[in-house]
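Here is the structure we will look at, set down as structure tokens.
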Amino acid sequence: MEYKTIKKPTTAPAKEYKFILDPFQKEAIMCIENDESVLVSAHTSAGKTVVAEYSIAMSMKRKQRVIYTTPIKALSNQKYREFYEEFKDVGLITGDVTINSTAGCLIMTTEILRNMLYHGSEIMKEVSWVIFDEIHYMRDKERGVVWEESLILLPNNVHYVFLSATIPNARQFAEWVAYVHDQPCHVVYTDYRPTPLQHYIFPVGSDGIHLVVNEEGTFLEQNFENAMSKFENSKGGGPKAGPTVDCFKVVKMILERNLAPAIVFAFSKKECEQHALSIAQLDFNTREQKILVDEVFENAMGVLKDEDKNLPQVQNVLPLLRRGIGIHHGGLLPILKETIEIMFSEGLIKALFATETFAMGLNMPARTVIFTGVRKFDGRNHRHITSGEFIQMSGRAGRRGLDDKGIVIVMLDEKVTPEVGRELLQGSADPLNSAFHLTYNMILNLLRVDEINPEYLIERSFSQFQNCSKIPQLESQIKKLQVDYDRILVENEASYKVFYDLKQQQKELETRYYSSILKPEHLIPYLQPGRLVKVTGAAGEEYDWGIVVNFKKVDDQGRDNVIIFVLVPMIKTEDKSKCMEIVSLPFSNIVSLSSLRIHHPDNLRSSDNRQKVLKVLNTIGVRFKSEIPKLDPVRDLGMKDDGISNLLADINKIKTRLNKLGLERTSDFTETFEKFSRKMDIKHQMDAVESEINEAMSLLQLKELKCRKRVLRRLGFCTSSDIIELKGRVACEVTSAEEIVITEMLFSGIFGELTTEQTVSLLSCFVCEERSSENYKVREELTSALRKLKDIAKRVVRVCAESKLQVDEDEYVGRFKANLMDVVYAWCKGATFSEICTMTDMFEGSIIRCFKQLEEFLRQLVQAARTIGNVELETKFSHGITLIKRDIIFAASLYL
């Protein structure tokens with residue numbers, strides 16, 4: 001990889017700033033002036049937008065076109081408003097909204113950019129710069145792949161500005177961009193925070209906060225211990241006050257100490273609302289501010305019908321807003337969310353209760369950030385937030401130019417170690433790792449394009465690049481191991497190799513043998529005190545022969561487990577002498593049970609008595625020369641399995657061969673064999689590294705690609721020679737739902753039997769992601785269509801199984817949720833929003849999000865029907881858009 005320095009530009013700057021630029025901003029702007037791509041990796045509120053603005057200004061100065069992409073539509077709308085005020089020649093494309101599509105600067109979601117690239121949009125021929133905002137979103141499991149697809153598909157003559165939160169592997173990402181597009185990509189990385197932060201801990205149930213990280217970034221261990229001691233001193237093992245009571249305490253303290261505005265992060269929508277209501281008696285706003293709140297609110301809600309203005313969510317939020325208290329989460333009506341954002345930016349909200357999505361995107365800092373907890377549900381399980389997530393959210397604290405420092409308060413409800421505390425509060429940002437995965441839409445779109453294919457995309461993916469970047473390190477590891485291997489010289493190496501291989505075979509056979517016989521049902525009758533036994537310790541270390549002291553059965557979730565107490569020889573660390581200790585271990589730790597049993601003193605707590613047992617064991621060892629007799633599975637345990645006898649016969653054959661070699665009878669055998677074993681261990685390490693190199697060099701996901709292509713061929717989406725069929729071209733149009741299932745439905749004629757309202761209702765199963773705790777009902781006339789949808793989904797799973805692609809049927813079929821079918825049907829029939837809200841327990845904002853996704857899905861289906869040439873279907877889907885696109889659900893964004 002070649003690195004180059006940045007040249008200072010000689011022309012006049014494209015844009016002047018009224019403030020002095022930070023060094024990282026100057027450096028990034030120099031890259032843009034030199035027509036070279038740049039990744040700006042900096043903290044939230046550091047001023048990354050300045051760099052984006054400059055690239056837009058320069059493109060406009062040179063009469064070039066620039067694209068600005070964002071992860072979500074809401075952020076696109078906000079950026080459109082921000083850049084339109086600055087540059088005027090700005091357009092917006094988000095799928096449902098298109099404004100001035102011929103503008104010099106186009107703002108769009110990354111999905112729109114990806115679709116444009118697949119469809120060969122003419123706009124792309126005129127683009128010279130693409131700005132990727134929030135590029136760290138590329139690690140998102142579901143949608144991150146869209147960033148990779150877009151980046152790989154963009155032409156090499158385009159230059160880039162990547163804006164990112166701090167990522168430790170920024171250089172690796174820039175190297176990938178340089179590799180994919182054969183152009184330099186600079187990294188401008190800064191850890192500098194214009195407004196330093198102070199981190200405090202509030203132990204839940206206590207009365208005060210404890211400074212644990214000062215503005216210099218020093219972790220104050222004594223203060224941390226003092227905070228944790230509050231848990232020990234409290235009666236009953238830990239503070240018991242309710243979380244809302246504690247939240248009230250903390251927010252009240254913030255108000256009294258003049259540390260507002262504050263963003264209070266909670267990790268669920270319900271928590272946000274509960275905490276906001278818990279402080280409803282506090283009042284942060286003056287009389288003049290209340291009048292302003294009423295004015296802003298009235299103007300914003302002016303676009304709604306009277307019945308929508310009376311919605312409970314609209315009515316309930318105003319009293320809180322007047323007191324300077326706001327709520328921001330995905331369940332809010334979008335118009336309310338935007339109103340609250342505007343009020344917060346104008347200083348009319350002093351305490352904003354938000355979910356973590358507020359930390360992404362628009363720069364809305366506060367003086368204080370409060371965490372109501374540090375555990376979240378990530379869709380699969382409850383876990384602690386990562387240090388990267390903490391950095392992203394806590395970064396909202398401290399307003400540049402307004403605060404000398406930002407305050408971060410973490411409410412903890414359990415005692416944690418200093419290591420855990422330090423990792424959370426001072427840990428590093430999460431690395432940017434690829435979330436690349438194959439989708440049918442991606443494969444079909446690539447088969448449709450002549451110049452590239454799916455293998456091309458996999459080969460250039462960031463995951464493949466990350467994999468291959470390990471190769472130089474692995475190769476140097478092999479060289480080092482080879483030196484160590486060559487250094488070990490063993491006389492008569494060939495004989496020792498034979499001996500070593502036989503010993504490995506013996507070990508493998510014995511493992512199989514003992515796993516067959518060492519079962520509680522066989523051995524419990526023989527676990528009498530004094531029985532000689534060999535066990536492994538908790539860390540896997542193998543003890544020498546010991547004796548059974550006792551055993552007990554424990555009930556483990558309905559399974560009877562056995563714990564054994566064994567007296568085993570151990571080496572004292574201080575003087576290396578042997579002593580005997582009792583250990584308790586699970587039955588599975590037994591390695592071998594002997595046919596010998598010794599008498600021992602009753603009191604084994606006495607060290608003298610234990611030493612007596614050790615002497616007896618030593619005598620037995622000398623007598624049997626380490627070959628202590630073991631219980632015979634057939635004779636002693638009554639097992640009649642021929643396989644066991646065969647295994648035992650094979651083990652004895654190997655022992656005979658080892659004896660014939662005669663190596664064990666040579667004087668230096670032990671030392672030489674240990675030396676040779678070390679040499680073999682190094683060889684195994686070299687083989688493991690070699691196979692890691694081979695794996696890194698082979699194309700990842702190639703096997704999955706072959707399986708997915710097999711599925712597409714069997715379902716008739718493409719031919720055996722990868723020529724795309726009509727079904728495949730239809731599936732290419734669908735990006736917001738399961739493209740295979742919907743295409744199968746389109747070709748099965750299901751929609752021909754349904755009315756428009758029924759069709760739209762059935763299609764809601766594809767876009768509804770929210771779970772509902774209520775038992776939803778499905779209209780009788782739609783039960784048959786829903787059953788057919790699920791039957792098609794099951795058939796797709798069967799074809800996947802036949803194509804060697806593992807898909808969980810319950811999980812796959814469960815993606816099609818019917819809990820909004822009745823709601824959507826009622827809306828299509830003209831029901832009001834307040835009426836449909838009473839039909840489900842979902843948040844209003846979640847209902848609206850599903851409807852907006854449904855409208856986008858219908859637009860894609862209009863295009864799909866056009867591809868088939870089915871005018872009747874096209875008309876039905878277009879009519880469906882008309883039926884749902886009304887009133888509060890599709891109220892225009894306040895930013896537009």
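By order in the structure tokens, chains are A, B, ...; within a chain, residues start at 1; ligands start at 1, following the order shown.
The residues of region 358-527 of chain A that DSSP classifies as strand (DSSP E), using the backbone of this structure, are Thr368, Val369, Ile370, Phe371, Arg375, Lys376, Phe377, His382, Arg383, His384, Gly406, Ile407, Val408, Ile409, Val410, Met411 and Leu412 of chain A.
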Write out as number ranges by chain which residues come within 7 Å of Ser434 (chain A) when counting only C-alpha atoms, dropping same-chain ones fewer than 5 positions away. A: 138-139, 462-463
Output N, CA and C atoms for every residue in that selection, as a PDB file, in the first residue's frame.
```pdb
ATOM      1  N   MET A 138     -22.368   1.276   8.397  1.00  0.00           N
ATOM      2  CA  MET A 138     -22.065   0.134   7.525  1.00  0.00           C
ATOM      3  C   MET A 138     -21.945  -1.168   8.314  1.00  0.00           C
ATOM      4  N   ARG A 139     -21.719  -1.064   9.636  1.00  0.00           N
ATOM      5  CA  ARG A 139     -21.611  -2.301  10.428  1.00  0.00           C
ATOM      6  C   ARG A 139     -22.975  -2.838  10.862  1.00  0.00           C
ATOM      7  N   PHE A 462     -15.808  -5.443   1.707  1.00  0.00           N
ATOM      8  CA  PHE A 462     -14.946  -5.065   2.829  1.00  0.00           C
ATOM      9  C   PHE A 462     -14.638  -6.287   3.692  1.00  0.00           C
ATOM     10  N   SER A 463     -15.597  -7.233   3.800  1.00  0.00           N
ATOM     11  CA  SER A 463     -15.356  -8.441   4.604  1.00  0.00           C
ATOM     12  C   SER A 463     -14.228  -9.273   3.994  1.00  0.00           C
TER      13      SER A 463
END
```
Just want the 6 Å neighbourhood of Phe371 (chain A), counted on only C-alpha atoms, with same-chain residues fewer than 6 positions away dropped. Output as a count of residues only. 4
Rows by chain and residue number, region 345-449 of chain A within 7 Å of region 162-168 of chain A, shortest pair, only C-alpha atoms, as a Markdown table:
```
| residue | atom | partner | partner_atom | distance |
| --- | --- | --- | --- | --- |
| A:Ala429 | CA | A:Ile167 | CA | 5.7 |
| A:Asp430 | CA | A:Ile167 | CA | 6.3 |
| A:Pro431 | CA | A:Ile167 | CA | 5.3 |
| A:Leu432 | CA | A:Ile167 | CA | 6.3 |
```
Output of the above residues as a CSV table (one decimal), in the first residue's frame, restricted to N, CA and C atoms:
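Written output follows (out.csv):
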```csv
chain,number,residue,atom,x,y,z
A,429,ALA,N,-13.9,3.0,20.8
A,429,ALA,CA,-15.1,2.9,19.9
A,429,ALA,C,-15.1,1.5,19.2
A,430,ASP,N,-16.3,1.1,18.8
A,430,ASP,CA,-16.4,-0.2,18.1
A,430,ASP,C,-15.8,-0.1,16.8
A,431,PRO,N,-15.0,-1.1,16.4
A,431,PRO,CA,-14.4,-1.1,15.0
A,431,PRO,C,-15.4,-1.2,13.9
A,432,LEU,N,-15.1,-0.7,12.8
A,432,LEU,CA,-16.0,-0.8,11.6
A,432,LEU,C,-15.7,-2.1,10.9
```
Using DSSP assignments from the backbone, pull out every residue in region 377-531 of chain A that falls under alpha helix (DSSP H) and give it to me as a VMD selection string. chain A and resid 387 to 394 418 to 426 440 to 448 454 to 460 462 to 468 471 to 487 493 to 517 520 to 523
For the interface of region 312-400 of chain A with region 278-283 of chain A (cut-off 8 Å, counting only C-alpha atoms), please tabulate each contacting residue of region 312-400 of chain A alongside its nearest pair of atoms and their separation in Å to one decimal, rows sorted by chain and increasing number, as CSV.
```
residue,atom,partner,partner_atom,distance
A:Leu320,CA,A:Ala280,CA,6.4
A:Arg323,CA,A:Asp283,CA,4.6
A:Gly324,CA,A:Asp283,CA,6.7
A:Ile325,CA,A:Ala280,CA,7.6
```
Nearest to Leu425 (chain A): which of A:Lys553, A:Arg729, A:His199, A:Lys578 is it, counting only C-alpha atoms?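 Selected residue with least distance to Leu425 (chain A): A:His199.
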Please identify all polymer residues within 9 Å of region 605-614 of chain A, counting only C-alpha atoms, omitting same-chain residues fewer than 5 positions from it, and present them as an MDAnalysis selection string. chainID A and resid 546:547 567:569 578:582 598:600 619
Would you mind listing what lies within 12 Å of Arg795 (chain A) as a PyMOL selection string, with only C-alpha atoms counted and same-chain residues fewer than 2 positions away left out? chain A and resi 711+714-715+740-741+744-745+788-793+797-802+807+809+812-813
Just want the 10 Å neighbourhood of Ala696 (chain A), counted on only C-alpha atoms, with same-chain residues fewer than 6 positions away dropped. Output as a list of chain:residue names.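 Once the nearby chain positions are removed, what remains is A:Gln464, A:Phe465, A:Gln466, A:Asn467, A:Cys468, A:Ser469, A:Lys470, A:Ile471, A:Leu474, A:Glu690.
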Written selection (C-alpha atoms) as a PDB file, in the first residue's frame:
```
ATOM      1  CA  GLN A 464     -13.153 -10.119   1.975  1.00  0.00           C
ATOM      2  CA  PHE A 465     -10.620  -7.275   2.271  1.00  0.00           C
ATOM      3  CA  GLN A 466     -10.587  -7.569   6.072  1.00  0.00           C
ATOM      4  CA  ASN A 467     -10.090 -11.300   5.745  1.00  0.00           C
ATOM      5  CA  CYS A 468      -7.182 -10.959   3.302  1.00  0.00           C
ATOM      6  CA  SER A 469      -5.546  -8.207   5.368  1.00  0.00           C
ATOM      7  CA  LYS A 470      -4.673 -10.888   7.954  1.00  0.00           C
ATOM      8  CA  ILE A 471      -2.487 -12.778   5.441  1.00  0.00           C
ATOM      9  CA  LEU A 474      -0.210 -14.969   9.334  1.00  0.00           C
ATOM     10  CA  GLU A 690      -1.631 -22.463   6.913  1.00  0.00           C
TER      11      GLU A 690
END
```
Mind checking which residues fall within 12 Å of Val535 (chain A), counting only C-alpha atoms, ignoring those fewer than 4 positions away in the same chain, and posting them as number ranges by chain? A: 518, 539-548, 564-569, 582-594
Straight-line distance linking CA of Ala366 (chain A) with CA of Ala397 (chain A), stated in Å to one decimal: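 These atoms are spaced 5.1 Å apart.
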For the atom pair CA of Thr98 (chain A) and CA of Lys79 (chain A), what is the interatomic distance in Å to one decimal place?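 A separation of 14.2 Å between them.
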Looking at only C-alpha atoms, which of A:Leu663, A:Ile254, A:Leu113, A:Leu647 is the one that sits closest to Val498 (chain A)?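 Once distances to Val498 (chain A) are computed over only C-alpha atoms, the minimum belongs to A:Leu663.
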